[in-house]
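**Q** Below is a structure I'd like to ask you about.
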Amino acid sequence: MEQAATLPEPRRIAMWSGPRNLSTAMMYAFAARGDCAVWDEPFYAAYLKATGIDHPMRQEIMTAHDADPDRVAAACRGPAPDGQAIFYQKHMTLHMIDGFDRGFMRDCTNVFLIRHPARVVASYAQKREGPTLADIGFVQQAELFDQVADWLGRAPAVIDSHDIRTNPRDALESLCHTLQLPFTERMLSWPAGPKPFDGIWASHWYNAVHASTGFGAPEGPLPELAADYRRLVDQAMPYYERILRESGRNPNSPA
């Protein structure tokens with residue numbers, strides 16, 4: 001009997017960041033390539049169900065998206081939707097809680113998207129008041145970074161949102177080179193408005209990126225923050241700076 005042809009394995013890219021890190025714009029950039037399927041925060045519903053944490057649209061998210069972490073992990077290591085050659089997964093580091101299977105990460109190229117904590121806190125607080133260190137994902141990002149570094153025997157790839165906003169073409173071209181993917185100018189723009197692959201939470205979190213058709217201009221000085229938010233930034237800075245150092249970057253460079 002003639003065997004059915006098997007599809008080639010997709011290139012799976014797991015992009016790990018905390019919230020408000022330019023992560024949705026990066027997902028849109030990869031989706032615009034034309035050869036890439038994307039998945040928006042695969043573990044969000046499972047994270048909400050397992051932790052009981054109160055987030056905007058909590059019940060809607062758990063109803064609309066798969067809340068079984070084992071099924072989600074299996075799908076992350078599975079074929080790309082629509083048979084695409086590249087499977088880009090936008091992951092939030094805080095969603096990867098203890099007890100969730102991380103084995104799928106070995107079947108992905110793991111990249112870490114970082115942003116200065118002051119910018120993250122200022123942006124997050126506009127959407128959900130009173131964030132904690134656990135909410136903004138820096139501790140979890142450093143833990144995952146270390147785990148992947150142990151597997152690889154070297155630091156995994158890191159991309160800084162500051163570099164993307166300063167020169168999107170150079171930053172994405174460099175990232176594609178690291179990923180051994182061809183760069184395409186299509187990554188620099190996308191149509192305005194919601195996308196069919198957005199998570200249901202997009203109506204709360206994605207207003208700005210829905211108004212965009214590409215990456216924004218370089219950011220100005222770091223935002224001024226209230227005292228309690230400055231303390232949160234101080235708590236996050238050691239994790240952010242360590243990832244910068246271990247990836248060969250200068251923690252004192254502009255952010």
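For the structure tokens, the naming scheme is as follows: chains receive sequential letters (A, B, ...) according to their order of presentation, residues are indexed from 1 within each chain, and ligands are indexed from 1 in presentation order.
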Can you write out as a tab-separated table which residues of region 46-117 of chain A fall within 12 Å of region 207-225 of chain A, alongside each residue's closest atom pair and its distance in Å to one decimal, counting only C-alpha atoms and ordering rows by chain and ascending residue number?
**A**
residue	atom	partner	partner_atom	distance
A:Arg115	CA	A:Leu222	CA	11.3
A:His116	CA	A:Leu222	CA	8.6
A:Pro117	CA	A:Leu222	CA	9.6
**Q** Report as JSON lines: every residue of region 83-138 of chain A with an atom at most 9 Å from region 229-242 of chain A, its closest pair of atoms, and their distance in Å to one decimal, counting only C-alpha atoms, with rows sorted by chain and ascending residue number.
**A**
{"residue": "A:Ile114", "atom": "CA", "partner": "A:Tyr240", "partner_atom": "CA", "distance": 7.4}
{"residue": "A:Arg115", "atom": "CA", "partner": "A:Tyr240", "partner_atom": "CA", "distance": 7.9}
{"residue": "A:His116", "atom": "CA", "partner": "A:Tyr240", "partner_atom": "CA", "distance": 7.2}
{"residue": "A:Pro117", "atom": "CA", "partner": "A:Val233", "partner_atom": "CA", "distance": 5.4}
{"residue": "A:Ala118", "atom": "CA", "partner": "A:Val233", "partner_atom": "CA", "distance": 5.7}
{"residue": "A:Val120", "atom": "CA", "partner": "A:Val233", "partner_atom": "CA", "distance": 8.8}
{"residue": "A:Val121", "atom": "CA", "partner": "A:Tyr229", "partner_atom": "CA", "distance": 7.0}
{"residue": "A:Ala122", "atom": "CA", "partner": "A:Tyr229", "partner_atom": "CA", "distance": 8.1}
{"residue": "A:Ala125", "atom": "CA", "partner": "A:Tyr229", "partner_atom": "CA", "distance": 8.9}
{"residue": "A:Gly130", "atom": "CA", "partner": "A:Tyr229", "partner_atom": "CA", "distance": 8.3}
{"residue": "A:Pro131", "atom": "CA", "partner": "A:Leu232", "partner_atom": "CA", "distance": 8.4}
{"residue": "A:Thr132", "atom": "CA", "partner": "A:Leu232", "partner_atom": "CA", "distance": 7.1}
{"residue": "A:Leu133", "atom": "CA", "partner": "A:Leu232", "partner_atom": "CA", "distance": 6.4}
{"residue": "A:Ile136", "atom": "CA", "partner": "A:Ala236", "partner_atom": "CA", "distance": 8.5}
{"residue": "A:Gly137", "atom": "CA", "partner": "A:Ala236", "partner_atom": "CA", "distance": 8.8}
{"residue": "A:Phe138", "atom": "CA", "partner": "A:Tyr239", "partner_atom": "CA", "distance": 6.0}
**Q** Got a sec: who's within 10 Å of region 50-53 of chain A, counting only C-alpha atoms, leaving out chain neighbours fewer than 4 positions off, as a list in words?
**A**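 The contact residues come out as Ala45, Ala46, Arg58, Ala67, Asp68, Pro69, His95, Ile97, Gly99 and Phe100 of chain A.
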**Q** Emit the selected residues as a tab-separated table (two decimals), in the first residue's frame, including N, CA, C and O atoms.
**A**
chain	number	residue	atom	x	y	z
A	45	ALA	N	-5.69	31.00	28.58
A	45	ALA	CA	-6.87	30.43	29.24
A	45	ALA	C	-6.47	29.42	30.30
A	45	ALA	O	-7.05	29.38	31.40
A	46	ALA	N	-5.47	28.60	30.00
A	46	ALA	CA	-5.01	27.60	30.97
A	46	ALA	C	-4.42	28.26	32.21
A	46	ALA	O	-4.63	27.81	33.35
A	58	ARG	N	-11.87	37.55	31.97
A	58	ARG	CA	-11.43	36.23	32.42
A	58	ARG	C	-12.36	35.11	31.91
A	58	ARG	O	-11.90	34.12	31.30
A	67	ALA	N	-8.37	25.69	27.68
A	67	ALA	CA	-7.80	25.87	29.02
A	67	ALA	C	-7.09	24.63	29.53
A	67	ALA	O	-6.72	24.58	30.71
A	68	ASP	N	-6.88	23.63	28.67
A	68	ASP	CA	-6.16	22.41	29.06
A	68	ASP	C	-4.70	22.57	28.66
A	68	ASP	O	-4.37	22.55	27.47
A	69	PRO	N	-3.77	22.74	29.62
A	69	PRO	CA	-2.38	23.02	29.26
A	69	PRO	C	-1.71	21.88	28.50
A	69	PRO	O	-0.82	22.13	27.68
A	95	HIS	N	2.53	33.08	31.89
A	95	HIS	CA	1.56	31.99	31.70
A	95	HIS	C	2.18	30.61	31.92
A	95	HIS	O	1.45	29.65	32.14
A	97	ILE	N	3.36	28.56	34.15
A	97	ILE	CA	3.45	28.33	35.59
A	97	ILE	C	3.94	26.92	35.88
A	97	ILE	O	3.95	26.04	35.00
A	99	GLY	N	4.10	23.20	36.74
A	99	GLY	CA	3.14	22.14	36.44
A	99	GLY	C	2.74	22.08	34.99
A	99	GLY	O	2.22	21.06	34.53
A	100	PHE	N	2.94	23.17	34.23
A	100	PHE	CA	2.67	23.15	32.80
A	100	PHE	C	3.86	22.51	32.09
A	100	PHE	O	5.01	22.82	32.38
**Q** Just checking: using only C-alpha atoms, which residue out of A:Tyr44, A:Pro168, A:Ala14, A:Tyr88 ends up closest to Met62 (chain A)?
**A**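 Looking only at the distances to Met62 (chain A), the closest residue turns out to be A:Tyr44.
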**Q** I need the strand (DSSP E or B) residues of region 4-176 of chain A per DSSP on the backbone, written as a list of chain:residue names.
**A**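 Those in region 4-176 of chain A that DSSP calls strand (DSSP E or B) are A:Arg11, A:Arg12, A:Ile13, A:Ala14, A:Met15, A:Trp16, A:Ser17, A:Cys36, A:Ala37, A:Val38, A:Trp39, A:Asp40, A:Ile86, A:Phe87, A:Tyr88, A:Gln89, A:Lys90, A:His91, A:Met92, A:Thr109, A:Asn110, A:Val111, A:Phe112, A:Leu113, A:Ile114, A:Ala157, A:Val158, A:Ile159, A:Asp160.
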**Q** From the options A:Glu9, A:Pro156, A:Ala134, A:Thr184, which residue's atoms come nearest to Arg169 (chain A), counting only C-alpha atoms?
**A**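 Answer, going by the shortest atom-to-atom distance: A:Thr184.
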**Q** With only C-alpha atoms as the basis for distance, which of A:Ala149, A:Val72, A:Ala202, A:Ile159 is at the shortest distance from Met15 (chain A)?
**A** A:Ile159
**Q** At what distance in Å, to one decimal, does CA of Tyr206 (chain A) lie from CA of Asp228 (chain A)?
**A**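 Those two atoms sit 25.5 Å apart.
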